[in-house]
$ cat final02.cif   # mmCIF, C-alpha atoms
data_model
loop_
_atom_site.label_atom_id
_atom_site.label_comp_id
_atom_site.auth_asym_id
_atom_site.auth_seq_id
_atom_site.Cartn_x
_atom_site.Cartn_y
_atom_site.Cartn_z
CA MET A 1 17.38 -17.57 -32.38
CA THR A 2 18.13 -20.76 -30.51
CA ASP A 3 21.87 -20.20 -30.49
CA ALA A 4 21.57 -17.48 -27.84
CA ILE A 5 21.78 -19.81 -24.86
CA THR A 6 25.28 -19.55 -23.50
CA PRO A 7 26.93 -22.30 -21.51
CA TYR A 8 28.18 -19.88 -18.87
CA PRO A 9 26.84 -20.40 -15.34
CA GLN A 10 24.93 -17.56 -13.70
CA VAL A 11 24.39 -16.75 -10.05
CA ARG A 12 22.20 -14.25 -8.25
CA VAL A 13 23.14 -12.63 -4.95
CA VAL A 14 19.97 -11.68 -3.06
CA SER A 15 20.02 -9.98 0.33
CA THR A 16 16.98 -9.82 2.60
CA ARG A 17 17.44 -6.05 2.94
CA PHE A 18 18.23 -3.30 0.45
CA LEU A 19 21.87 -2.29 0.70
CA ARG A 20 23.50 1.02 1.51
CA PRO A 21 25.95 2.34 -1.12
CA ASP A 22 28.97 1.59 1.07
CA THR A 23 27.83 -2.02 1.54
CA VAL A 24 27.32 -2.33 -2.23
CA GLU A 25 30.83 -1.00 -2.80
CA GLN A 26 32.25 -3.49 -0.31
CA LEU A 27 30.26 -6.40 -1.81
CA LEU A 28 31.09 -5.66 -5.45
CA ASN A 29 34.79 -5.26 -4.71
CA LYS A 30 34.81 -8.59 -2.87
CA LEU A 31 33.00 -10.21 -5.79
CA ILE A 32 35.41 -8.96 -8.42
CA GLN A 33 38.31 -10.08 -6.26
CA ALA A 34 36.78 -13.58 -6.29
CA GLY A 35 37.29 -13.41 -10.06
CA GLY A 36 35.79 -15.23 -13.01
CA ILE A 37 33.01 -12.70 -13.66
CA ARG A 38 32.10 -12.13 -17.31
CA ARG A 39 29.06 -9.93 -16.84
CA MET A 40 27.40 -8.33 -13.83
CA SER A 41 24.13 -6.49 -13.32
CA ILE A 42 22.88 -4.73 -10.22
CA ASN A 43 19.14 -4.49 -9.61
CA GLY A 44 16.78 -2.69 -7.28
CA PRO A 45 14.15 0.04 -7.27
CA GLY A 46 15.23 3.20 -9.10
CA ILE A 47 16.15 6.46 -7.42
CA PRO A 48 15.11 9.30 -9.76
CA VAL A 49 17.12 12.49 -10.26
CA ILE A 50 13.97 14.59 -10.17
CA VAL A 51 10.63 14.09 -8.42
CA PRO A 52 8.66 12.12 -11.03
CA TYR A 53 5.06 12.62 -9.89
CA GLY A 54 2.83 14.87 -7.84
CA PRO A 55 2.72 18.60 -7.18
CA ALA A 56 6.52 18.73 -6.74
CA ARG A 57 7.13 17.07 -10.11
CA GLY A 58 10.34 18.24 -11.77
CA GLN A 59 12.03 19.42 -8.59
CA PRO A 60 15.45 17.98 -7.73
CA ASN A 61 15.45 14.84 -5.61
CA PRO A 62 18.47 14.79 -3.29
CA HIS A 63 18.91 11.18 -2.14
CA PRO A 64 21.90 9.69 -0.28
CA GLY A 65 21.45 6.39 -2.14
CA ARG A 66 22.21 7.99 -5.50
CA LYS A 67 25.92 8.17 -5.25
CA VAL A 68 29.16 7.29 -7.01
CA ILE A 69 30.92 4.18 -5.69
CA ARG A 70 34.35 2.86 -6.62
CA VAL A 71 34.36 -0.68 -7.99
CA GLY A 72 37.76 -2.01 -9.04
CA ASP A 73 39.28 0.72 -11.14
CA GLN A 74 36.02 2.36 -12.16
CA ASP A 75 33.58 4.85 -10.69
CA VAL A 76 30.00 3.58 -10.88
CA MET A 77 26.98 5.86 -10.45
CA LEU A 78 24.34 4.04 -8.44
CA GLN A 79 20.91 4.71 -9.91
CA VAL A 80 19.08 2.10 -7.84
CA GLN A 81 18.94 0.98 -4.24
CA VAL A 82 20.65 -2.36 -4.71
CA GLY A 83 18.84 -5.52 -3.62
CA THR A 84 20.12 -8.07 -6.15
CA VAL A 85 23.38 -8.66 -7.99
CA ILE A 86 23.34 -10.95 -11.02
CA LEU A 87 26.60 -12.46 -12.20
CA GLU A 88 27.67 -14.49 -15.20
CA LEU A 89 30.78 -16.51 -14.51
CA GLU A 90 33.50 -18.05 -16.65
CA ASP A 91 32.78 -21.47 -15.15
CA GLU A 92 31.31 -23.10 -12.06
CA SER A 93 34.60 -23.35 -10.21
CA TYR A 94 34.27 -19.69 -9.17
CA ILE A 95 30.96 -20.21 -7.32
CA PRO A 96 32.48 -21.26 -3.94
CA ALA A 97 34.69 -18.14 -3.99
CA ILE A 98 31.62 -15.98 -4.72
CA GLU A 99 29.75 -17.60 -1.81
CA LYS A 100 32.71 -17.03 0.48
CA ALA A 101 32.94 -13.36 -0.53
CA VAL A 102 29.22 -12.86 0.15
CA ASP A 103 29.47 -14.58 3.53
CA GLU A 104 32.37 -12.31 4.51
CA VAL A 105 30.45 -9.15 3.67
CA PHE A 106 27.25 -10.20 5.44
CA ALA A 107 28.84 -11.91 8.45
CA ASP A 108 28.12 -9.03 10.84
CA LYS A 109 25.16 -7.38 9.12
CA GLY A 110 22.33 -8.91 11.11
CA PHE A 111 20.49 -10.11 8.01
CA SER A 112 21.14 -12.84 5.50
CA CYS A 113 22.09 -12.94 1.85
CA SER A 114 21.75 -15.94 -0.44
CA VAL A 115 23.58 -16.99 -3.59
CA GLN A 116 21.30 -18.74 -6.08
CA GLN A 117 22.21 -20.54 -9.31
CA GLY A 118 20.06 -20.43 -12.40
CA ARG A 119 19.44 -18.39 -15.54
CA PHE A 120 18.87 -14.75 -14.70
CA MET A 121 20.02 -12.85 -17.79
CA LYS A 122 18.14 -12.34 -21.01
CA THR A 123 19.04 -14.76 -23.80
CA GLN A 124 17.07 -13.29 -26.69
CA PRO A 125 16.40 -9.68 -27.71
CA SER A 126 12.92 -8.47 -26.81
CA MET A 127 10.79 -6.09 -28.87
CA SER A 128 12.12 -3.07 -26.96
CA ASP A 129 15.71 -4.28 -27.40
CA TYR A 130 15.02 -4.50 -31.13
CA ALA A 131 13.60 -0.99 -31.14
CA ARG A 132 16.58 0.36 -29.21
CA TYR A 133 19.53 -1.55 -30.66
CA GLY A 134 18.25 -2.82 -34.03
CA PRO A 135 18.67 -6.30 -35.53
CA ASP A 136 22.42 -6.56 -34.85
CA ALA A 137 22.34 -5.96 -31.10
CA ASP A 138 25.34 -6.97 -29.05
CA ARG A 139 24.04 -9.98 -27.17
CA ASP A 140 26.39 -9.38 -24.28
CA LEU A 141 24.53 -6.15 -23.54
CA LEU A 142 20.99 -7.49 -23.59
CA GLY A 143 19.15 -7.07 -20.34
CA LEU A 144 22.17 -5.62 -18.60
CA VAL A 145 21.36 -1.96 -19.07
CA ASP A 146 18.03 -0.17 -19.13
CA PRO A 147 17.26 0.33 -22.87
CA ARG A 148 15.85 3.80 -22.13
CA ARG A 149 19.07 5.06 -20.62
CA LYS A 150 21.61 6.82 -22.79
CA ASP A 151 24.64 5.93 -20.67
CA GLY A 152 25.82 2.41 -21.28
CA LEU A 153 27.54 -0.17 -19.19
CA VAL A 154 30.71 0.10 -17.10
CA ILE A 155 33.69 -2.08 -18.01
CA ILE A 156 35.83 -3.16 -15.08
CA GLN A 157 39.23 -4.53 -16.01
CA SER A 158 40.22 -7.97 -14.87
CA THR A 159 42.35 -8.21 -11.75
CA LYS A 160 44.35 -11.12 -13.21
CA MET B 1 -32.63 -4.74 19.65
CA ALA B 2 -30.10 -1.98 19.06
CA TYR B 3 -27.55 -2.63 16.33
CA LYS B 4 -24.16 -3.49 17.74
CA PRO B 5 -21.31 -3.44 15.22
CA GLN B 6 -18.95 -6.41 15.32
CA TYR B 7 -16.19 -4.65 13.31
CA GLY B 8 -14.93 -7.86 11.77
CA PRO B 9 -14.59 -11.63 12.12
CA GLY B 10 -11.62 -13.65 13.27
CA THR B 11 -10.13 -15.27 16.33
CA SER B 12 -6.46 -14.39 15.70
CA LYS B 13 -4.57 -11.52 17.29
CA VAL B 14 -4.45 -9.78 13.90
CA ALA B 15 -8.26 -9.84 13.78
CA ALA B 16 -8.43 -8.54 17.36
CA ASN B 17 -6.05 -5.70 16.48
CA ARG B 18 -8.19 -4.81 13.49
CA ARG B 19 -11.32 -4.67 15.67
CA LYS B 20 -9.53 -2.57 18.26
CA GLN B 21 -8.49 0.03 15.71
CA MET B 22 -11.96 0.21 14.17
CA ASP B 23 -13.92 0.39 17.39
CA PRO B 24 -14.32 4.10 18.29
CA SER B 25 -15.11 3.19 21.91
CA GLN B 26 -11.52 1.94 22.30
CA LYS B 27 -8.90 4.63 22.71
CA LEU B 28 -5.89 4.32 20.45
CA GLU B 29 -2.62 4.22 22.34
CA LYS B 30 -0.64 7.44 22.08
CA MET B 31 2.90 6.66 21.00
CA ARG B 32 4.52 10.03 20.26
CA ASP B 33 3.92 13.74 20.47
CA VAL B 34 4.16 15.48 17.11
CA THR B 35 3.11 19.13 17.39
CA ASP B 36 0.47 20.95 15.34
CA GLU B 37 3.17 22.91 13.55
CA ASP B 38 5.04 19.71 12.64
CA VAL B 39 1.86 18.22 11.19
CA VAL B 40 1.33 21.34 9.06
CA LEU B 41 4.93 21.08 7.82
CA LEU B 42 4.54 17.39 6.95
CA LEU B 43 1.30 18.02 5.07
CA GLY B 44 2.76 20.92 3.08
CA HIS B 45 -0.60 22.47 2.22
CA ARG B 46 -0.03 25.82 3.95
CA ALA B 47 2.74 27.59 5.84
CA PRO B 48 2.57 27.15 9.63
CA GLY B 49 0.66 30.05 11.16
CA ALA B 50 -0.87 31.13 7.84
CA ALA B 51 -4.65 31.61 7.60
CA TYR B 52 -6.70 28.78 6.16
CA PRO B 53 -7.49 29.55 2.51
CA THR B 54 -11.19 29.11 1.82
CA ALA B 55 -13.19 27.49 -0.95
CA HIS B 56 -16.45 29.27 -0.06
CA PRO B 57 -17.67 31.81 2.51
CA PRO B 58 -18.37 30.51 6.04
CA LEU B 59 -21.74 28.76 6.29
CA ALA B 60 -23.00 31.36 8.77
CA GLU B 61 -22.49 34.11 6.20
CA GLN B 62 -24.16 32.45 3.25
CA GLN B 63 -27.72 31.50 2.49
CA GLU B 64 -28.32 27.81 2.93
CA PRO B 65 -30.99 26.15 0.78
CA ASP B 66 -33.95 24.67 2.62
CA CYS B 67 -32.67 21.10 2.87
CA PRO B 68 -33.75 18.52 5.45
CA ILE B 69 -30.38 16.77 5.38
CA ARG B 70 -28.53 19.99 6.21
CA LYS B 71 -30.80 20.31 9.22
CA ILE B 72 -29.89 16.83 10.46
CA VAL B 73 -26.12 16.89 9.82
CA THR B 74 -23.99 19.20 11.92
CA PRO B 75 -21.16 20.59 9.78
CA THR B 76 -17.58 19.94 10.88
CA GLU B 77 -15.41 22.90 11.92
CA GLY B 78 -13.69 22.97 8.53
CA ALA B 79 -16.97 22.88 6.63
CA LYS B 80 -18.39 25.63 8.82
CA ALA B 81 -15.43 27.87 7.99
CA GLY B 82 -15.45 27.02 4.29
CA ASP B 83 -11.96 25.48 4.20
CA ARG B 84 -10.42 23.92 1.13
CA VAL B 85 -10.42 20.14 0.82
CA ARG B 86 -6.90 18.79 1.34
CA TYR B 87 -5.35 15.34 1.86
CA ILE B 88 -2.90 13.12 3.69
CA GLN B 89 -1.70 9.85 2.22
CA PHE B 90 -0.02 6.90 3.89
CA THR B 91 2.00 3.94 2.67
CA ASP B 92 2.24 0.93 4.97
CA SER B 93 4.96 -1.67 4.60
CA MET B 94 3.84 -5.28 4.33
CA PHE B 95 6.48 -6.11 6.94
CA PHE B 96 4.10 -5.88 9.90
CA ALA B 97 3.15 -2.20 9.72
CA PRO B 98 0.55 -1.40 12.39
CA CYS B 99 -2.09 -0.47 9.81
CA HIS B 100 -2.77 -0.99 6.10
CA PRO B 101 -4.91 0.74 3.46
CA TYR B 102 -8.27 -1.06 3.91
CA GLN B 103 -7.88 -1.03 7.65
CA ARG B 104 -7.14 2.70 7.60
CA THR B 105 -10.28 3.40 5.63
CA TYR B 106 -12.47 1.31 7.94
CA THR B 107 -10.86 2.89 11.01
CA GLU B 108 -11.25 6.43 9.72
CA CYS B 109 -14.85 5.89 8.69
CA TYR B 110 -15.70 4.70 12.19
CA ARG B 111 -13.72 7.38 14.00
CA PHE B 112 -13.81 10.57 11.92
CA ARG B 113 -16.52 12.72 10.33
CA GLY B 114 -16.62 14.49 6.98
CA ILE B 115 -13.91 12.44 5.27
CA ASP B 116 -13.45 10.95 1.82
CA PRO B 117 -10.96 8.07 1.96
CA GLY B 118 -9.43 6.50 -1.13
CA THR B 119 -8.09 2.97 -0.78
CA LEU B 120 -5.49 1.43 -3.06
CA SER B 121 -3.26 -1.61 -2.74
CA GLY B 122 -0.17 0.24 -1.63
CA ARG B 123 -1.44 3.57 -0.37
CA GLN B 124 -4.42 5.14 1.30
CA ILE B 125 -5.43 8.75 0.94
CA VAL B 126 -7.97 10.62 3.03
CA GLU B 127 -9.42 13.95 1.96
CA CYS B 128 -11.36 16.41 4.07
CA ARG B 129 -11.56 20.07 5.04
CA GLU B 130 -8.16 21.46 5.92
CA ARG B 131 -8.58 22.16 9.64
CA ASP B 132 -10.34 18.82 10.15
CA LEU B 133 -7.52 17.17 8.24
CA GLU B 134 -4.88 18.62 10.54
CA LYS B 135 -6.76 17.34 13.58
CA TYR B 136 -7.23 13.87 12.09
CA ALA B 137 -3.66 13.73 10.71
CA LYS B 138 -2.30 14.49 14.17
CA GLU B 139 -4.25 11.56 15.57
CA LEU B 140 -3.17 9.26 12.75
CA ILE B 141 0.50 10.19 13.29
CA ASN B 142 0.58 10.28 17.08
CA THR B 143 -1.21 7.03 17.81
CA GLU B 144 -0.39 3.38 17.33
CA LEU B 145 -1.61 3.53 13.71
CA LEU B 146 1.86 4.67 12.63
CA ASP B 147 5.32 3.23 12.91
CA PRO B 148 7.96 5.82 11.95
CA ALA B 149 10.03 3.28 9.97
CA ARG B 150 7.36 1.16 8.28
CA THR B 151 4.67 3.74 7.64
CA GLY B 152 5.33 6.55 5.21
CA ILE B 153 3.51 9.86 4.90
CA ARG B 154 3.67 10.10 1.14
CA GLY B 155 1.50 12.39 -0.95
CA ALA B 156 3.02 11.18 -4.21
CA THR B 157 5.59 8.62 -5.39
CA VAL B 158 4.56 6.05 -2.81
CA HIS B 159 6.40 3.00 -4.18
CA GLY B 160 7.84 0.82 -1.41
CA HIS B 161 5.12 -0.97 0.57
CA SER B 162 5.84 -4.41 -0.90
CA LEU B 163 9.61 -4.11 -1.13
CA ARG B 164 12.32 -5.33 1.18
CA LEU B 165 13.27 -2.96 3.97
CA ALA B 166 16.54 -1.06 3.87
CA GLU B 167 19.54 -2.11 5.93
CA ASN B 168 18.53 0.22 8.77
CA GLY B 169 14.94 -1.08 8.81
CA MET B 170 13.35 1.84 6.95
CA MET B 171 10.81 1.24 4.18
CA PHE B 172 12.15 2.10 0.71
CA ASP B 173 11.25 5.60 -0.44
CA MET B 174 12.64 6.84 -3.73
CA LEU B 175 12.27 10.42 -2.49
CA GLN B 176 13.79 9.65 0.95
CA ARG B 177 11.33 11.87 2.81
CA SER B 178 12.30 10.44 6.16
CA ILE B 179 15.68 9.39 7.47
CA LEU B 180 16.81 7.37 10.46
CA ASP B 181 19.07 9.93 12.11
CA ASP B 182 22.21 9.19 14.12
CA ASP B 183 20.28 9.47 17.39
CA GLY B 184 17.96 6.64 16.30
CA VAL B 185 14.98 8.94 15.71
CA VAL B 186 13.14 9.01 12.39
CA LYS B 187 13.04 12.53 11.01
CA TYR B 188 11.24 13.88 7.99
CA VAL B 189 13.48 16.03 5.79
CA LYS B 190 10.86 16.55 3.08
CA ASN B 191 7.12 17.11 3.23
CA GLN B 192 4.69 14.50 1.95
CA ILE B 193 5.10 15.48 -1.72
CA GLY B 194 8.92 15.57 -1.60
CA GLU B 195 9.71 19.26 -1.12
CA PRO B 196 12.64 19.81 1.28
CA LEU B 197 11.67 21.15 4.73
CA ASP B 198 13.49 24.06 6.39
CA ARG B 199 14.03 21.94 9.50
CA LYS B 200 13.85 18.26 10.29
CA VAL B 201 10.57 17.03 11.77
CA ALA B 202 11.14 14.24 14.30
CA ILE B 203 8.42 11.63 14.61
CA GLY B 204 10.04 9.25 17.05
CA LYS B 205 12.02 6.04 17.21
CA PRO B 206 11.04 3.03 15.11
CA LEU B 207 8.97 0.52 17.06
CA ASP B 208 10.62 -2.79 17.76
CA GLU B 209 9.86 -6.00 15.90
CA LYS B 210 8.16 -7.59 18.92
CA TRP B 211 5.71 -4.72 19.34
CA LEU B 212 5.01 -4.62 15.60
CA LYS B 213 4.24 -8.34 15.42
CA ALA B 214 1.97 -8.08 18.46
CA ASN B 215 0.08 -5.08 17.09
CA THR B 216 0.08 -5.55 13.34
CA THR B 217 -3.18 -5.75 11.38
CA ILE B 218 -1.54 -7.58 8.48
CA PHE B 219 -1.70 -11.35 8.06
CA HIS B 220 1.67 -12.65 6.93
CA SER B 221 2.40 -16.30 6.27
CA LEU B 222 6.16 -15.75 6.64
CA GLY B 223 7.01 -14.95 10.19
CA ASP B 224 3.63 -14.22 11.72
CA VAL B 225 -0.06 -15.22 11.68
CA ALA B 226 -1.06 -16.64 8.29
CA TYR B 227 -4.46 -15.69 6.94
CA ARG B 228 -5.46 -19.33 6.44
CA ASP B 229 -4.78 -20.04 10.11
CA ASP B 230 -7.73 -17.86 11.13
CA GLN B 231 -10.57 -20.27 10.41
CA GLU B 232 -13.34 -17.84 11.32
CA TYR B 233 -11.99 -15.21 8.92
CA ILE B 234 -11.82 -17.75 6.11
CA GLU B 235 -15.40 -18.91 6.74
CA TYR B 236 -16.62 -15.32 6.68
CA ILE B 237 -14.82 -14.49 3.44
CA GLN B 238 -16.02 -17.71 1.81
CA ARG B 239 -19.60 -16.90 2.82
CA ILE B 240 -19.40 -13.44 1.25
CA HIS B 241 -17.76 -14.86 -1.86
CA THR B 242 -20.42 -17.54 -2.22
CA LEU B 243 -23.30 -15.14 -1.69
CA ARG B 244 -22.06 -12.52 -4.12
CA THR B 245 -21.30 -15.16 -6.76
CA LYS B 246 -24.78 -16.63 -6.42
CA TYR B 247 -26.27 -13.17 -6.55
CA GLY B 248 -24.51 -12.67 -9.90
CA PHE B 249 -26.89 -15.28 -11.31
CA LEU B 250 -29.91 -13.46 -9.79
CA PRO B 251 -31.34 -16.57 -8.05
CA LYS B 252 -35.08 -16.75 -7.62
CA GLU B 253 -36.13 -18.03 -4.21
#
$ encode --input "final02.cif" --output "structure tokens"
Amino acid sequence: MTDAITPYPQVRVVSTRFLRPDTVEQLLNKLIQAGGIRRMSINGPGIPVIVPYGPARGQPNPHPGRKVIRVGDQDVMLQVQVGTVILELEDESYIPAIEKAVDEVFADKGFSCSVQQGRFMKTQPSMSDYARYGPDADRDLLGLVDPRRKDGLVIIQSTK
Amino acid sequence: MAYKPQYGPGTSKVAANRRKQMDPSQKLEKMRDVTDEDVVLLLGHRAPGAAYPTAHPPLAEQQEPDCPIRKIVTPTEGAKAGDRVRYIQFTDSMFFAPCHPYQRTYTECYRFRGIDPGTLSGRQIVECRERDLEKYAKELINTELLDPARTGIRGATVHGHSLRLAENGMMFDMLQRSILDDDGVVKYVKNQIGEPLDRKVAIGKPLDEKWLKANTTIFHSLGDVAYRDDQEYIEYIQRIHTLRTKYGFLPKE
């Protein structure tokens, strides 16, 4: 299990505020234009389709944050209010372009956004990954999509 | 000598704000004017104008047992009428909301009668008879205890108090009960349990950062008064901690 550690650099884009869908769309499009992205994951608190608890449980939950955005050539259904974007890059040379793209998006927002380097994606399958995907799980998928969800990941074609 | 409550230790402005909210002799500043009907809509327990459903006949119409306590305690209006017990629940953002769960419970216990508060880390619920609740809820909403953006009236699905704020300064709410409208006023579009309202209920403009920092009852080491900076508070907490730990060993004097 020790061969799972990949040499690819990872960065995390963290804003000090949760983002509106149109800001997310703008940010993600800038990021993919910067290029060099192998894998990407967007994080934040979930926005449920139906009211999950309480006396109104089961009723529809209209929410303006749950919306389809256009990233590259794909439509992406936002299921969370985005606060963090995790990226895995081809190599470290793309990091300055990522930082520049982030600075451009947040230049006039009135709050800051930082780009951090580190390891943010799962490297080994967990017990629930094993239960969901079995022993031959695709390692590129691990930790990128919620194992409970039936819909998988979105593949955005390279702009090269 | 007559007992004089101190309401809490501390020399910082946060401690002073806490004491001010708890002390019933100090009037809470009125910040907005939400009507009775709006409060009923937000609570979602009955339709505006409908009669109060009852849990038992009015006290005047039923035989009361011969009880010395009942002779001492005057029933509240809701108890007298036999109203149902209903609730309101609040979520307060850690980003300098004017109140927070423990503070709410202390404040309500000092200021209101016939209540049953429940305190949790991210939410605070208070239960009481329905017509008392509407009176208390109006005070809790209209006074400085609430900021439209950083306090949520949330009966269920409260998640958001410890999260980052949204771009427009609103606290995260997965049910989006309140919105910051184009005119800059926060309006509730759903009642406290997440059922859509027939009309928007406006509860005023978000308070500015300066006011919030001056009036918050939350210690915050990033950006405002840190808890450890209030020496008197720390001494008090350490004294309680020491005494209760020693008491755990049942010391013999």
$ closest_atom_pairs --input "final02.cif" --of "chain A" --to "chain B" --cutoff "10 Å" --atoms "only C-alpha atoms" --output "JSON lines"
{"residue": "A:Ser15", "atom": "CA", "partner": "B:Arg164", "partner_atom": "CA", "distance": 9.0}
{"residue": "A:Thr16", "atom": "CA", "partner": "B:Arg164", "partner_atom": "CA", "distance": 6.6}
{"residue": "A:Arg17", "atom": "CA", "partner": "B:Ala166", "partner_atom": "CA", "distance": 5.2}
{"residue": "A:Phe18", "atom": "CA", "partner": "B:Ala166", "partner_atom": "CA", "distance": 4.4}
{"residue": "A:Leu19", "atom": "CA", "partner": "B:Glu167", "partner_atom": "CA", "distance": 5.7}
{"residue": "A:Arg20", "atom": "CA", "partner": "B:Glu167", "partner_atom": "CA", "distance": 6.7}
{"residue": "A:Thr23", "atom": "CA", "partner": "B:Glu167", "partner_atom": "CA", "distance": 9.4}
{"residue": "A:Gly44", "atom": "CA", "partner": "B:Leu163", "partner_atom": "CA", "distance": 9.6}
{"residue": "A:Pro45", "atom": "CA", "partner": "B:Met174", "partner_atom": "CA", "distance": 7.8}
{"residue": "A:Gly46", "atom": "CA", "partner": "B:Met174", "partner_atom": "CA", "distance": 7.0}
{"residue": "A:Ile47", "atom": "CA", "partner": "B:Met174", "partner_atom": "CA", "distance": 5.1}
{"residue": "A:Pro48", "atom": "CA", "partner": "B:Met174", "partner_atom": "CA", "distance": 7.0}
{"residue": "A:Val49", "atom": "CA", "partner": "B:Leu175", "partner_atom": "CA", "distance": 9.4}
{"residue": "A:Ile50", "atom": "CA", "partner": "B:Leu175", "partner_atom": "CA", "distance": 8.9}
{"residue": "A:Val51", "atom": "CA", "partner": "B:Leu175", "partner_atom": "CA", "distance": 7.2}
{"residue": "A:Pro52", "atom": "CA", "partner": "B:Thr157", "partner_atom": "CA", "distance": 7.3}
{"residue": "A:Tyr53", "atom": "CA", "partner": "B:Thr157", "partner_atom": "CA", "distance": 6.0}
{"residue": "A:Gly54", "atom": "CA", "partner": "B:Ala156", "partner_atom": "CA", "distance": 5.2}
{"residue": "A:Pro55", "atom": "CA", "partner": "B:Ile193", "partner_atom": "CA", "distance": 6.7}
{"residue": "A:Ala56", "atom": "CA", "partner": "B:Ile193", "partner_atom": "CA", "distance": 6.1}
{"residue": "A:Arg57", "atom": "CA", "partner": "B:Ile193", "partner_atom": "CA", "distance": 8.8}
{"residue": "A:Gln59", "atom": "CA", "partner": "B:Glu195", "partner_atom": "CA", "distance": 7.8}
{"residue": "A:Pro60", "atom": "CA", "partner": "B:Glu195", "partner_atom": "CA", "distance": 8.8}
{"residue": "A:Asn61", "atom": "CA", "partner": "B:Leu175", "partner_atom": "CA", "distance": 6.3}
{"residue": "A:Pro62", "atom": "CA", "partner": "B:Leu175", "partner_atom": "CA", "distance": 7.6}
{"residue": "A:His63", "atom": "CA", "partner": "B:Gln176", "partner_atom": "CA", "distance": 6.2}
{"residue": "A:Pro64", "atom": "CA", "partner": "B:Gln176", "partner_atom": "CA", "distance": 8.2}
{"residue": "A:Gly65", "atom": "CA", "partner": "B:Gln176", "partner_atom": "CA", "distance": 8.9}
{"residue": "A:Arg66", "atom": "CA", "partner": "B:Met174", "partner_atom": "CA", "distance": 9.8}
{"residue": "A:Val80", "atom": "CA", "partner": "B:Met174", "partner_atom": "CA", "distance": 9.0}
{"residue": "A:Gln81", "atom": "CA", "partner": "B:Phe172", "partner_atom": "CA", "distance": 8.5}
{"residue": "A:Val82", "atom": "CA", "partner": "B:Ala166", "partner_atom": "CA", "distance": 9.6}
{"residue": "A:Gly83", "atom": "CA", "partner": "B:Arg164", "partner_atom": "CA", "distance": 8.1}
{"residue": "A:Lys109", "atom": "CA", "partner": "B:Glu167", "partner_atom": "CA", "distance": 8.3}
{"residue": "A:Gly110", "atom": "CA", "partner": "B:Glu167", "partner_atom": "CA", "distance": 9.0}
{"residue": "A:Phe111", "atom": "CA", "partner": "B:Glu167", "partner_atom": "CA", "distance": 8.3}
$ residues_near_point --input "final02.cif" --point "(-11.1, 22.1, 14.5)" --cutoff "10 Å" --atoms "all atoms listed in the file" --output "count of residues only"
14
$ atom_distance --input "final02.cif" --atom1 "CA of Arg32 (chain B)" --atom2 "CA of Pro148 (chain B)"
9.9 Å
$ atom_distance --input "final02.cif" --atom1 "CA of Pro24 (chain B)" --atom2 "CA of Asn142 (chain B)"
16.2 Å
$ residues_near_point --input "final02.cif" --point "(23.0, -7.7, -25.0)" --cutoff "10 Å" --atoms "only C-alpha atoms" --output "JSON, numbers by chain"
{"A": [121, 122, 123, 124, 125, 129, 133, 136, 137, 138, 139, 140, 141, 142, 143, 144, 145]}
$ residues_around --input "final02.cif" --residues "Arg104 (chain B)" --least-positions-apart "2" --cutoff "9 Å" --atoms "all atoms listed in the file" --output "PyMOL selection string"
chain B and resi 21-22+99-102+106-109+117+119+124+145
$ residues_around --input "final02.cif" --residues "Asp91 (chain A)" --least-positions-apart "3" --cutoff "8 Å" --atoms "all atoms listed in the file" --output "list in words"
Tyr8, Pro9, Gly36 and Tyr94 of chain A
$ write_last_selection --input "final02.cif" --atoms "C-alpha atoms" --output "PDB file, in the coordinates of the input"
ATOM      1  CA  TYR A   8      28.180 -19.880 -18.870  1.00  0.00           C
ATOM      2  CA  PRO A   9      26.840 -20.400 -15.340  1.00  0.00           C
ATOM      3  CA  GLY A  36      35.790 -15.230 -13.010  1.00  0.00           C
ATOM      4  CA  TYR A  94      34.270 -19.690  -9.170  1.00  0.00           C
TER       5      TYR A  94
END
$ atom_distance --input "final02.cif" --atom1 "CA of Gln10 (chain A)" --atom2 "CA of Gly152 (chain A)"
21.4 Å
$ residues_around --input "final02.cif" --residues "region 231-247 of chain B" --least-positions-apart "2" --cutoff "6 Å" --atoms "all atoms listed in the file" --output "list in words"
Pro9, Gly10, Asp229, Phe249 and Leu250 of chain B
$ write_last_selection --input "final02.cif" --atoms "C-alpha atoms" --output "PDB file, keeping the file's coordinate frame"
ATOM      1  CA  PRO B   9     -14.590 -11.630  12.120  1.00  0.00           C
ATOM      2  CA  GLY B  10     -11.620 -13.650  13.270  1.00  0.00           C
ATOM      3  CA  ASP B 229      -4.780 -20.040  10.110  1.00  0.00           C
ATOM      4  CA  PHE B 249     -26.890 -15.280 -11.310  1.00  0.00           C
ATOM      5  CA  LEU B 250     -29.910 -13.460  -9.790  1.00  0.00           C
TER       6      LEU B 250
END
$ resolve_selection --input "final02.cif" --expression "the PyMOL selection byres ((chain B and resi 211) around 12)" --output "list in words"
Met31, Phe96, Ala97, Pro98, Glu144, Asp147, Pro206, Leu207, Asp208, Glu209, Lys210, Leu212, Lys213, Ala214, Asn215, Thr216 and Thr217 of chain B
$ write_last_selection --input "final02.cif" --atoms "C-alpha atoms" --output "compact mmCIF listing (two decimals), in the coordinates of the input"
# COMPACT_ATOMS: atom_id res chain seq x y z
CA MET B 31 2.90 6.66 21.00
CA PHE B 96 4.10 -5.88 9.90
CA ALA B 97 3.15 -2.20 9.72
CA PRO B 98 0.55 -1.40 12.39
CA GLU B 144 -0.39 3.38 17.33
CA ASP B 147 5.32 3.23 12.91
CA PRO B 206 11.04 3.03 15.11
CA LEU B 207 8.97 0.52 17.06
CA ASP B 208 10.62 -2.79 17.76
CA GLU B 209 9.86 -6.00 15.90
CA LYS B 210 8.16 -7.59 18.92
CA LEU B 212 5.01 -4.62 15.60
CA LYS B 213 4.24 -8.34 15.42
CA ALA B 214 1.97 -8.08 18.46
CA ASN B 215 0.08 -5.08 17.09
CA THR B 216 0.08 -5.55 13.34
CA THR B 217 -3.18 -5.75 11.38
